$ cat work35.json   # JSON, C-alpha atoms and all ligand atoms
[["chain", "number", "residue", "atom", "x", "y", "z"],
["A", 1, "MET", "CA", -46.29, -34.97, -9.26],
["A", 2, "GLU", "CA", -45.40, -31.25, -9.35],
["A", 3, "ARG", "CA", -45.30, -29.63, -5.89],
["A", 4, "LYS", "CA", -47.78, -26.79, -5.32],
["A", 5, "LEU", "CA", -45.96, -23.49, -4.80],
["A", 6, "TYR", "CA", -46.34, -21.77, -1.44],
["A", 7, "HIS", "CA", -46.90, -18.03, -1.97],
["A", 8, "VAL", "CA", -47.31, -15.34, 0.71],
["A", 9, "MET", "CA", -50.04, -13.11, -0.69],
["A", 10, "GLY", "CA", -52.10, -11.75, 2.21],
["A", 11, "ALA", "CA", -52.61, -12.03, 5.93],
["A", 12, "LYS", "CA", -55.97, -13.81, 5.68],
["A", 13, "GLN", "CA", -54.20, -16.95, 4.41],
["A", 14, "PHE", "CA", -52.71, -17.61, 7.87],
["A", 15, "SER", "CA", -54.59, -19.76, 10.39],
["A", 16, "ARG", "CA", -53.82, -19.80, 14.10],
["A", 17, "PRO", "CA", -51.91, -23.12, 13.94],
["A", 18, "GLU", "CA", -49.86, -21.78, 10.99],
["A", 19, "LEU", "CA", -49.05, -18.63, 12.95],
["A", 20, "GLU", "CA", -47.93, -20.65, 15.95],
["A", 21, "GLU", "CA", -45.76, -22.83, 13.72],
["A", 22, "LEU", "CA", -44.26, -19.76, 12.04],
["A", 23, "PHE", "CA", -43.49, -18.05, 15.36],
["A", 24, "GLU", "CA", -41.74, -21.20, 16.59],
["A", 25, "ALA", "CA", -39.75, -21.28, 13.36],
["A", 26, "ALA", "CA", -38.85, -17.58, 13.79],
["A", 27, "GLN", "CA", -37.67, -18.28, 17.33],
["A", 28, "ALA", "CA", -35.47, -21.09, 15.98],
["A", 29, "MET", "CA", -34.08, -18.63, 13.39],
["A", 30, "GLU", "CA", -32.97, -16.36, 16.24],
["A", 31, "GLU", "CA", -30.75, -19.25, 17.33],
["A", 32, "VAL", "CA", -29.51, -19.74, 13.75],
["A", 33, "VAL", "CA", -28.45, -16.08, 13.60],
["A", 34, "ARG", "CA", -26.77, -16.29, 17.03],
["A", 35, "ALA", "CA", -24.87, -19.36, 15.80],
["A", 36, "GLY", "CA", -23.51, -17.40, 12.80],
["A", 37, "GLY", "CA", -26.05, -18.44, 10.15],
["A", 38, "SER", "CA", -26.71, -21.57, 8.11],
["A", 39, "ARG", "CA", -25.77, -22.98, 4.68],
["A", 40, "LYS", "CA", -29.20, -24.55, 4.15],
["A", 41, "TYR", "CA", -30.03, -22.61, 0.98],
["A", 42, "GLU", "CA", -26.55, -22.43, -0.55],
["A", 43, "GLY", "CA", -26.95, -22.34, -4.32],
["A", 44, "ARG", "CA", -30.51, -20.98, -4.12],
["A", 45, "ILE", "CA", -31.29, -17.48, -5.35],
["A", 46, "MET", "CA", -33.81, -14.87, -4.22],
["A", 47, "THR", "CA", -34.89, -12.02, -6.50],
["A", 48, "THR", "CA", -36.04, -8.84, -4.81],
["A", 49, "LEU", "CA", -38.12, -6.65, -7.12],
["A", 50, "PHE", "CA", -39.09, -3.40, -5.43],
["A", 51, "PHE", "CA", -41.22, -1.00, -7.48],
["A", 52, "GLU", "CA", -41.64, 1.17, -4.33],
["A", 53, "ALA", "CA", -39.06, 2.42, -1.84],
["A", 54, "SER", "CA", -38.08, 0.29, 1.15],
["A", 55, "THR", "CA", -35.39, 0.06, 3.79],
["A", 56, "ARG", "CA", -36.55, -2.59, 6.29],
["A", 57, "THR", "CA", -38.48, -5.01, 4.12],
["A", 58, "ARG", "CA", -35.99, -5.35, 1.29],
["A", 59, "LEU", "CA", -32.86, -5.36, 3.41],
["A", 60, "SER", "CA", -34.26, -7.76, 6.02],
["A", 61, "PHE", "CA", -35.35, -10.18, 3.26],
["A", 62, "GLU", "CA", -31.91, -9.91, 1.67],
["A", 63, "SER", "CA", -30.22, -10.39, 5.04],
["A", 64, "ALA", "CA", -32.53, -13.33, 5.78],
["A", 65, "MET", "CA", -31.65, -15.13, 2.52],
["A", 66, "THR", "CA", -27.95, -14.43, 3.02],
["A", 67, "ARG", "CA", -28.04, -15.72, 6.62],
["A", 68, "LEU", "CA", -29.61, -18.92, 5.28],
["A", 69, "GLY", "CA", -26.70, -19.39, 2.88],
["A", 70, "GLY", "CA", -28.52, -18.24, -0.27],
["A", 71, "SER", "CA", -27.78, -15.45, -2.72],
["A", 72, "VAL", "CA", -29.77, -12.39, -3.72],
["A", 73, "ILE", "CA", -30.22, -10.64, -7.05],
["A", 74, "GLY", "CA", -32.60, -7.80, -7.79],
["A", 75, "THR", "CA", -33.26, -4.13, -7.99],
["A", 76, "GLU", "CA", -34.26, -1.73, -5.26],
["A", 77, "ASN", "CA", -35.86, 0.53, -7.86],
["A", 78, "ALA", "CA", -37.60, -1.80, -10.28],
["A", 79, "ALA", "CA", -39.84, 0.98, -11.59],
["A", 80, "GLN", "CA", -36.80, 2.78, -12.97],
["A", 81, "PHE", "CA", -34.11, 0.13, -13.41],
["A", 82, "SER", "CA", -36.05, -2.89, -14.67],
["A", 83, "SER", "CA", -37.48, -3.14, -18.18],
["A", 84, "ALA", "CA", -40.85, -2.07, -16.77],
["A", 85, "ILE", "CA", -39.72, 1.41, -17.79],
["A", 86, "LYS", "CA", -39.59, 0.17, -21.42],
["A", 87, "GLY", "CA", -43.16, -1.05, -21.16],
["A", 88, "GLU", "CA", -42.61, -4.67, -20.15],
["A", 89, "THR", "CA", -45.64, -6.04, -18.34],
["A", 90, "LEU", "CA", -45.39, -7.24, -14.76],
["A", 91, "GLU", "CA", -46.38, -10.71, -15.96],
["A", 92, "ASP", "CA", -43.49, -10.86, -18.46],
["A", 93, "THR", "CA", -41.03, -9.58, -15.86],
["A", 94, "ILE", "CA", -42.10, -12.35, -13.46],
["A", 95, "ARG", "CA", -41.94, -15.04, -16.19],
["A", 96, "ILE", "CA", -38.35, -13.97, -16.91],
["A", 97, "VAL", "CA", -37.27, -13.73, -13.26],
["A", 98, "THR", "CA", -38.74, -17.20, -12.63],
["A", 99, "GLY", "CA", -35.98, -18.55, -14.88],
["A", 100, "TYR", "CA", -33.25, -16.86, -12.84],
["A", 101, "SER", "CA", -34.23, -17.53, -9.25],
["A", 102, "ASP", "CA", -35.93, -19.81, -6.72],
["A", 103, "ILE", "CA", -38.09, -17.25, -4.92],
["A", 104, "ILE", "CA", -39.34, -13.72, -5.67],
["A", 105, "VAL", "CA", -39.99, -10.99, -3.10],
["A", 106, "MET", "CA", -41.91, -8.14, -4.66],
["A", 107, "ARG", "CA", -43.21, -4.74, -3.57],
["A", 108, "HIS", "CA", -45.46, -2.91, -6.00],
["A", 109, "THR", "CA", -47.52, 0.26, -6.14],
["A", 110, "GLU", "CA", -50.75, -1.48, -7.18],
["A", 111, "ILE", "CA", -53.20, -3.40, -5.03],
["A", 112, "GLY", "CA", -53.36, -6.98, -6.30],
["A", 113, "ALA", "CA", -49.98, -6.88, -8.08],
["A", 114, "ALA", "CA", -48.61, -9.76, -5.95],
["A", 115, "LYS", "CA", -51.50, -11.98, -7.02],
["A", 116, "ARG", "CA", -50.89, -11.11, -10.67],
["A", 117, "ALA", "CA", -47.25, -12.08, -10.18],
["A", 118, "ALA", "CA", -48.07, -15.35, -8.43],
["A", 119, "ALA", "CA", -50.50, -16.29, -11.21],
["A", 120, "VAL", "CA", -47.64, -16.53, -13.73],
["A", 121, "ALA", "CA", -44.65, -17.31, -11.47],
["A", 122, "GLY", "CA", -42.95, -20.69, -11.51],
["A", 123, "VAL", "CA", -41.43, -20.05, -8.07],
["A", 124, "PRO", "CA", -42.88, -18.84, -4.75],
["A", 125, "VAL", "CA", -43.78, -15.14, -4.61],
["A", 126, "ILE", "CA", -43.83, -13.13, -1.38],
["A", 127, "ASN", "CA", -45.91, -9.95, -1.26],
["A", 128, "ALA", "CA", -43.68, -7.29, 0.30],
["A", 129, "GLY", "CA", -46.46, -4.67, 0.07],
["A", 130, "ASP", "CA", -48.96, -3.96, -2.71],
["A", 131, "GLY", "CA", -49.93, -0.28, -2.76],
["A", 132, "ALA", "CA", -52.52, 0.52, -0.11],
["A", 133, "GLY", "CA", -53.58, -3.14, -0.03],
["A", 134, "GLU", "CA", -51.63, -5.46, 2.24],
["A", 135, "HIS", "CA", -48.22, -6.01, 3.81],
["A", 136, "PRO", "CA", -48.53, -9.52, 5.21],
["A", 137, "THR", "CA", -44.92, -10.08, 6.25],
["A", 138, "GLN", "CA", -44.99, -6.85, 8.26],
["A", 139, "ALA", "CA", -48.12, -8.03, 10.06],
["A", 140, "LEU", "CA", -46.47, -11.37, 10.81],
["A", 141, "LEU", "CA", -43.46, -9.67, 12.37],
["A", 142, "ASP", "CA", -45.80, -7.32, 14.25],
["A", 143, "ALA", "CA", -47.75, -10.23, 15.72],
["A", 144, "TYR", "CA", -44.49, -12.06, 16.51],
["A", 145, "THR", "CA", -43.30, -8.94, 18.34],
["A", 146, "ILE", "CA", -46.50, -8.74, 20.40],
["A", 147, "GLN", "CA", -46.22, -12.46, 21.21],
["A", 148, "LYS", "CA", -42.59, -11.99, 22.32],
["A", 149, "GLU", "CA", -43.24, -8.86, 24.35],
["A", 150, "PHE", "CA", -46.31, -10.16, 26.23],
["A", 151, "GLY", "CA", -45.96, -13.95, 25.94],
["A", 152, "ARG", "CA", -49.44, -13.99, 24.36],
["A", 153, "ILE", "CA", -51.75, -12.15, 21.97],
["A", 154, "ASP", "CA", -55.10, -13.41, 23.30],
["A", 155, "GLY", "CA", -56.88, -10.88, 25.51],
["A", 156, "LEU", "CA", -54.78, -7.85, 24.53],
["A", 157, "ARG", "CA", -56.11, -4.38, 23.74],
["A", 158, "ILE", "CA", -54.46, -2.98, 20.64],
["A", 159, "ALA", "CA", -54.82, 0.57, 19.31],
["A", 160, "MET", "CA", -53.96, 1.22, 15.67],
["A", 161, "VAL", "CA", -53.37, 4.92, 15.12],
["A", 162, "GLY", "CA", -52.94, 7.20, 12.12],
["A", 163, "ASP", "CA", -53.47, 6.46, 8.45],
["A", 164, "LEU", "CA", -55.82, 3.50, 8.64],
["A", 165, "ALA", "CA", -57.23, 3.96, 5.12],
["A", 166, "TYR", "CA", -54.01, 3.68, 3.12],
["A", 167, "GLY", "CA", -51.94, 1.94, 5.82],
["A", 168, "ARG", "CA", -51.52, -1.56, 4.44],
["A", 169, "THR", "CA", -49.82, -2.75, 7.63],
["A", 170, "VAL", "CA", -52.93, -2.10, 9.73],
["A", 171, "HIS", "CA", -55.12, -3.96, 7.24],
["A", 172, "SER", "CA", -52.87, -7.01, 7.39],
["A", 173, "LEU", "CA", -52.37, -6.81, 11.16],
["A", 174, "SER", "CA", -56.14, -6.70, 11.68],
["A", 175, "TYR", "CA", -56.53, -9.91, 9.63],
["A", 176, "ILE", "CA", -53.79, -11.63, 11.66],
["A", 177, "LEU", "CA", -55.30, -10.52, 15.00],
["A", 178, "ALA", "CA", -58.67, -11.96, 13.94],
["A", 179, "ASN", "CA", -57.14, -15.39, 14.70],
["A", 180, "TYR", "CA", -56.88, -14.61, 18.42],
["A", 181, "SER", "CA", -59.40, -14.76, 21.28],
["A", 182, "ASP", "CA", -60.75, -11.86, 23.24],
["A", 183, "VAL", "CA", -58.64, -9.19, 21.54],
["A", 184, "SER", "CA", -60.02, -5.64, 21.48],
["A", 185, "ILE", "CA", -58.97, -3.26, 18.73],
["A", 186, "TYR", "CA", -59.21, 0.52, 18.77],
["A", 187, "TYR", "CA", -59.04, 2.16, 15.35],
["A", 188, "ILE", "CA", -57.94, 5.76, 15.97],
["A", 189, "SER", "CA", -57.68, 8.04, 12.97],
["A", 190, "PRO", "CA", -58.54, 11.39, 11.44],
["A", 191, "ASP", "CA", -61.94, 11.29, 9.78],
["A", 192, "ASN", "CA", -60.63, 11.21, 6.19],
["A", 193, "VAL", "CA", -58.39, 8.14, 6.71],
["A", 194, "ARG", "CA", -60.65, 5.81, 8.70],
["A", 195, "ILE", "CA", -60.28, 2.04, 8.61],
["A", 196, "PRO", "CA", -61.91, 0.67, 5.42],
["A", 197, "GLU", "CA", -65.36, -0.92, 5.56],
["A", 198, "SER", "CA", -63.91, -4.09, 4.04],
["A", 199, "VAL", "CA", -61.61, -4.54, 7.06],
["A", 200, "LYS", "CA", -64.49, -3.89, 9.48],
["A", 201, "ARG", "CA", -66.68, -6.42, 7.66],
["A", 202, "TYR", "CA", -63.93, -9.04, 8.00],
["A", 203, "MET", "CA", -63.50, -8.33, 11.71],
["A", 204, "ASP", "CA", -67.30, -8.55, 12.16],
["A", 205, "SER", "CA", -67.34, -11.90, 10.39],
["A", 206, "LYS", "CA", -64.72, -13.19, 12.85],
["A", 207, "GLY", "CA", -66.53, -11.76, 15.89],
["A", 208, "ILE", "CA", -63.65, -9.42, 16.82],
["A", 209, "ARG", "CA", -64.44, -6.49, 19.12],
["A", 210, "TYR", "CA", -63.35, -3.12, 17.77],
["A", 211, "LYS", "CA", -64.14, 0.52, 18.31],
["A", 212, "GLU", "CA", -63.50, 3.54, 16.09],
["A", 213, "THR", "CA", -62.58, 6.84, 17.68],
["A", 214, "ALA", "CA", -60.61, 9.99, 16.97],
["A", 215, "ASP", "CA", -59.58, 10.48, 20.62],
["A", 216, "LEU", "CA", -56.26, 8.78, 21.43],
["A", 217, "ASN", "CA", -55.87, 10.52, 24.81],
["A", 218, "ALA", "CA", -59.18, 9.11, 26.02],
["A", 219, "VAL", "CA", -58.15, 5.48, 25.41],
["A", 220, "ALA", "CA", -54.40, 5.68, 26.05],
["A", 221, "GLY", "CA", -54.72, 4.35, 29.61],
["A", 222, "GLU", "CA", -56.78, 1.32, 28.50],
["A", 223, "ILE", "CA", -54.45, -0.20, 25.91],
["A", 224, "ASP", "CA", -51.61, -2.74, 25.89],
["A", 225, "VAL", "CA", -50.23, -1.93, 22.43],
["A", 226, "LEU", "CA", -50.14, 1.44, 20.74],
["A", 227, "TYR", "CA", -49.45, 0.74, 17.04],
["A", 228, "GLN", "CA", -48.61, 4.11, 15.55],
["A", 229, "THR", "CA", -48.43, 4.66, 11.77],
["A", 230, "ARG", "CA", -47.22, 7.35, 9.41],
["A", 231, "ILE", "CA", -49.65, 9.51, 7.47],
["A", 232, "GLN", "CA", -48.49, 8.48, 4.00],
["A", 233, "LYS", "CA", -48.27, 11.68, 2.00],
["A", 234, "GLU", "CA", -47.48, 9.75, -1.19],
["A", 235, "ARG", "CA", -50.87, 7.99, -1.17],
["A", 236, "PHE", "CA", -53.07, 11.11, -1.02],
["A", 237, "THR", "CA", -54.62, 12.49, -4.17],
["A", 238, "SER", "CA", -54.47, 16.10, -2.88],
["A", 239, "LEU", "CA", -52.25, 18.06, -0.50],
["A", 240, "GLU", "CA", -55.39, 19.43, 1.16],
["A", 241, "GLU", "CA", -56.56, 15.93, 2.15],
["A", 242, "TYR", "CA", -53.07, 15.06, 3.43],
["A", 243, "GLU", "CA", -52.95, 18.23, 5.55],
["A", 244, "LYS", "CA", -56.35, 17.38, 7.06],
["A", 245, "ALA", "CA", -54.89, 14.09, 8.31],
["A", 246, "SER", "CA", -51.32, 14.97, 9.26],
["A", 247, "GLY", "CA", -49.97, 16.01, 12.66],
["A", 248, "LYS", "CA", -53.04, 14.86, 14.64],
["A", 249, "TYR", "CA", -51.47, 12.09, 16.74],
["A", 250, "ILE", "CA", -47.96, 12.51, 18.09],
["A", 251, "VAL", "CA", -46.53, 9.99, 20.54],
["A", 252, "ASP", "CA", -44.41, 12.15, 22.84],
["A", 253, "LEU", "CA", -43.41, 12.04, 26.51],
["A", 254, "GLU", "CA", -46.79, 13.47, 27.55],
["A", 255, "LEU", "CA", -48.64, 10.67, 25.73],
["A", 256, "MET", "CA", -46.22, 8.10, 27.20],
["A", 257, "ASP", "CA", -47.27, 9.31, 30.69],
["A", 258, "ARG", "CA", -50.85, 8.32, 29.86],
["A", 259, "LEU", "CA", -49.92, 4.75, 28.84],
["A", 260, "ASN", "CA", -49.85, 1.82, 31.24],
["A", 261, "LYS", "CA", -46.44, 0.91, 32.60],
["A", 262, "ASN", "CA", -46.52, -2.42, 30.74],
["A", 263, "ALA", "CA", -47.89, -1.06, 27.46],
["A", 264, "ILE", "CA", -45.66, -0.99, 24.38],
["A", 265, "VAL", "CA", -45.39, 1.38, 21.44],
["A", 266, "MET", "CA", -44.96, -0.15, 17.99],
["A", 267, "HIS", "CA", -44.56, 1.37, 14.53],
["A", 268, "PRO", "CA", -43.87, -0.37, 11.21],
["A", 269, "LEU", "CA", -41.51, 2.55, 10.41],
["A", 270, "PRO", "CA", -40.36, 4.74, 8.77],
["A", 271, "ARG", "CA", -41.63, 7.49, 11.07],
["A", 272, "ALA", "CA", -42.05, 11.07, 9.97],
["A", 273, "GLY", "CA", -42.44, 12.92, 13.25],
["A", 274, "GLU", "CA", -45.36, 10.95, 14.72],
["A", 275, "ILE", "CA", -43.14, 9.49, 17.47],
["A", 276, "THR", "CA", -40.69, 11.99, 18.95],
["A", 277, "GLU", "CA", -37.11, 10.79, 19.35],
["A", 278, "GLU", "CA", -37.11, 11.30, 23.14],
["A", 279, "VAL", "CA", -39.60, 8.39, 23.34],
["A", 280, "ASP", "CA", -36.87, 6.04, 22.01],
["A", 281, "ARG", "CA", -35.25, 5.96, 25.46],
["A", 282, "ASP", "CA", -38.40, 4.61, 27.11],
["A", 283, "PRO", "CA", -38.19, 0.79, 27.41],
["A", 284, "ARG", "CA", -41.83, 0.63, 26.25],
["A", 285, "ALA", "CA", -40.69, 1.86, 22.81],
["A", 286, "ALA", "CA", -40.66, -1.49, 20.98],
["A", 287, "TYR", "CA", -40.33, -0.32, 17.37],
["A", 288, "PHE", "CA", -36.62, -0.99, 16.91],
["A", 289, "ARG", "CA", -36.97, -4.45, 18.50],
["A", 290, "GLN", "CA", -39.94, -4.95, 16.16],
["A", 291, "ALA", "CA", -37.81, -4.15, 13.09],
["A", 292, "VAL", "CA", -35.17, -6.72, 14.12],
["A", 293, "ASN", "CA", -37.90, -9.36, 14.48],
["A", 294, "GLY", "CA", -38.56, -8.86, 10.76],
["A", 295, "LEU", "CA", -35.31, -10.67, 10.03],
["A", 296, "TYR", "CA", -36.34, -13.81, 11.94],
["A", 297, "ILE", "CA", -39.88, -13.92, 10.55],
["A", 298, "ARG", "CA", -38.58, -13.48, 7.00],
["A", 299, "MET", "CA", -36.00, -16.22, 7.48],
["A", 300, "ALA", "CA", -38.84, -18.48, 8.65],
["A", 301, "LEU", "CA", -40.98, -17.51, 5.65],
["A", 302, "ILE", "CA", -38.17, -18.15, 3.15],
["A", 303, "ASP", "CA", -37.64, -21.55, 4.78],
["A", 304, "LYS", "CA", -41.36, -22.32, 4.50],
["A", 305, "CYS", "CA", -41.45, -21.30, 0.83],
["A", 306, "LEU", "CA", -38.30, -23.19, -0.19],
["A", 307, "SER", "CA", -38.44, -26.37, 1.88],
["A", 401, "LIG", "N1", -42.19, -1.24, 7.47],
["A", 401, "LIG", "C1", -41.78, -1.19, 6.18],
["A", 401, "LIG", "O1", -42.39, -1.77, 5.27],
["A", 401, "LIG", "O2", -40.65, -0.46, 6.00],
["A", 401, "LIG", "P1", -39.93, -0.22, 4.60],
["A", 401, "LIG", "O3", -40.90, 0.59, 3.75],
["A", 401, "LIG", "O4", -38.67, 0.51, 4.92],
["A", 401, "LIG", "O5", -39.69, -1.56, 3.97]]
$ encode --input "work35.json" --output "structure tokens"
Amino acid sequence: MERKLYHVMGAKQFSRPELEELFEAAQAMEEVVRAGGSRKYEGRIMTTLFFEASTRTRLSFESAMTRLGGSVIGTENAAQFSSAIKGETLEDTIRIVTGYSDIIVMRHTEIGAAKRAAAVAGVPVINAGDGAGEHPTQALLDAYTIQKEFGRIDGLRIAMVGDLAYGRTVHSLSYILANYSDVSIYYISPDNVRIPESVKRYMDSKGIRYKETADLNAVAGEIDVLYQTRIQKERFTSLEEYEKASGKYIVDLELMDRLNKNAIVMHPLPRAGEITEEVDRDPRAAYFRQAVNGLYIRMALIDKCLS
């Protein structure tokens, strides 16, 4: 009987037991890296197809596959350097790449593109970000980071700040957090980039407490995690709308003084001025540790998809 392919499409697909299993696997991958890597996937090939720019996601997936003994082929600019530019459909590209590799990691500009790819792929597909839709592997590494930093996720108060409308990482992180007990979420954003109704409806359906506000200073002393995000200029349809949203929330030393001594600051990165560099020296700045955790989570995901 043919084995059903395991795809990573969105954060809602993960249950609490699956998250716990994945975090244990990621912790084991930390040991694998410390031991110099593994040959487990020697002879297996990953294709990375990135139709949108990336530093962390693409390179950590490529590092993850390499550290597991596998090889990587692909293009960091699939929009320009794949035959998409000649008019090839996404479906045809995926059908072709299926013949060359054992797993596909894809980032695309369009919401739902990963599902279109998975529908025709003969190998597992991992959604590395689909437009303003979701970024499930980022949310998994975010939750893993919170778990590592606090030893738990249950009961924490988490503020998501910035571009909550187009910010796919906050959509996916919300869905992951909905698996945990007694979490409180603060959605803090300019008025024109508020958290989408669809995300709020999902959180309501899971009985998760959340509050929307524009006032970060007022809640800074109440939170355990400040999850800052970039206002994504490239997603706005007009400069005027972007300017209405930009520059409103800056994490600087003054804001750090308002946070609890055990709170942490996270950011999916890249940043574009919304966390000042002087904050990097504060041990509560967790965003570079967070980025490293992406390697371990992605090694664990590759292992889950290929084993
Ligand atoms: N966090 C994140 O997705 O970063 P990249 O765009 O650099 O991959």
$ residues_around --input "work35.json" --residues "range 269-274 of chain A" --least-positions-apart "5" --cutoff "7 Å" --atoms "all atoms listed in the file" --output "PDB file with C-alpha atoms, in the frame of the given file"
ATOM      1  CA  ARG A 230     -47.220   7.350   9.410  1.00  0.00           C
ATOM      2  CA  TYR A 249     -51.470  12.090  16.740  1.00  0.00           C
ATOM      3  CA  ILE A 250     -47.960  12.510  18.090  1.00  0.00           C
ATOM      4  CA  VAL A 251     -46.530   9.990  20.540  1.00  0.00           C
TER       5      VAL A 251
END
$ atom_distance --input "work35.json" --atom1 "CA of Glu149 in chain A" --atom2 "CA of Lys261 in chain A"
13.2 Å
$ residues_near_ligand --input "work35.json" --ligand "ligand LIG 401 (chain A)" --cutoff "8 Å" --atoms "all atoms listed in the file" --output "ChimeraX atom specification"
/A:53-59,128-129,135,138,169,267-270,291
$ residues_around --input "work35.json" --residues "range 90-93 of chain A" --least-positions-apart "3" --cutoff "12 Å" --atoms "only C-alpha atoms" --output "ChimeraX atom specification"
/A:47,49-51,74,78-79,82-87,96-100,104,106-110,112-122
$ closest_residue --input "work35.json" --among "A:Glu241, A:Tyr202, A:Tyr227, A:Tyr296" --to "Ala28 in chain A" --atoms "all atoms listed in the file"
A:Tyr296
$ closest_residue --input "work35.json" --among "A:Ala143, A:Leu239, A:Ala220, A:Ile231" --to "Asp163 in chain A" --atoms "all atoms listed in the file"
A:Ile231
$ atom_distance --input "work35.json" --atom1 "CA of Gly43 in chain A" --atom2 "CA of Arg67 in chain A"
12.8 Å
$ residues_around --input "work35.json" --residues "Leu19 in chain A" --least-positions-apart "4" --cutoff "10 Å" --atoms "all atoms listed in the file" --output "MDAnalysis selection string"
chainID A and resid 14:15 23:25 140 143:144 176 179
$ atom_distance --input "work35.json" --atom1 "CA of Pro283 in chain A" --atom2 "CA of Glu254 in chain A"
15.3 Å
$ residues_around --input "work35.json" --residues "Ile103 in chain A" --least-positions-apart "4" --cutoff "10 Å" --atoms "only C-alpha atoms" --output "NGL selection string"
:A and (7 or 44-48 or 72 or 97-98 or 121-126 or 302 or 305-306)
$ closest_residue --input "work35.json" --among "A:Met203, A:Met266, A:Ala218, A:Leu295" --to "Asp142 in chain A" --atoms "all atoms listed in the file"
A:Met266
$ decode --input "work35.json" --residues "range 135-166 of chain A" --atoms "C-alpha atoms" --output "PDB file, in the first residue's frame"
ATOM      1  CA  HIS A 135       4.239  30.495   8.088  1.00  0.00           C
ATOM      2  CA  PRO A 136       3.788  27.309  10.097  1.00  0.00           C
ATOM      3  CA  THR A 137       7.436  26.362  10.554  1.00  0.00           C
ATOM      4  CA  GLN A 138       8.162  29.819  11.968  1.00  0.00           C
ATOM      5  CA  ALA A 139       5.332  29.398  14.471  1.00  0.00           C
ATOM      6  CA  LEU A 140       6.685  25.993  15.470  1.00  0.00           C
ATOM      7  CA  LEU A 141      10.125  27.421  16.161  1.00  0.00           C
ATOM      8  CA  ASP A 142       8.515  30.345  17.995  1.00  0.00           C
ATOM      9  CA  ALA A 143       6.559  28.010  20.264  1.00  0.00           C
ATOM     10  CA  TYR A 144       9.659  25.840  20.766  1.00  0.00           C
ATOM     11  CA  THR A 145      11.566  28.973  21.789  1.00  0.00           C
ATOM     12  CA  ILE A 146       8.882  29.944  24.325  1.00  0.00           C
ATOM     13  CA  GLN A 147       8.869  26.378  25.689  1.00  0.00           C
ATOM     14  CA  LYS A 148      12.681  26.450  26.047  1.00  0.00           C
ATOM     15  CA  GLU A 149      12.827  29.898  27.593  1.00  0.00           C
ATOM     16  CA  PHE A 150      10.065  29.366  30.183  1.00  0.00           C
ATOM     17  CA  GLY A 151       9.883  25.566  30.479  1.00  0.00           C
ATOM     18  CA  ARG A 152       6.178  25.826  29.581  1.00  0.00           C
ATOM     19  CA  ILE A 153       3.679  27.635  27.362  1.00  0.00           C
ATOM     20  CA  ASP A 154       0.537  27.102  29.458  1.00  0.00           C
ATOM     21  CA  GLY A 155      -0.451  30.156  31.484  1.00  0.00           C
ATOM     22  CA  LEU A 156       1.761  32.660  29.646  1.00  0.00           C
ATOM     23  CA  ARG A 157       0.733  36.151  28.532  1.00  0.00           C
ATOM     24  CA  ILE A 158       1.892  36.820  24.991  1.00  0.00           C
ATOM     25  CA  ALA A 159       1.705  40.154  23.166  1.00  0.00           C
ATOM     26  CA  MET A 160       1.892  40.141  19.372  1.00  0.00           C
ATOM     27  CA  VAL A 161       2.810  43.587  18.108  1.00  0.00           C
ATOM     28  CA  GLY A 162       2.901  45.320  14.729  1.00  0.00           C
ATOM     29  CA  ASP A 163       1.569  44.145  11.393  1.00  0.00           C
ATOM     30  CA  LEU A 164      -1.033  41.633  12.501  1.00  0.00           C
ATOM     31  CA  ALA A 165      -3.055  41.796   9.261  1.00  0.00           C
ATOM     32  CA  TYR A 166      -0.353  40.740   6.795  1.00  0.00           C
TER      33      TYR A 166
END
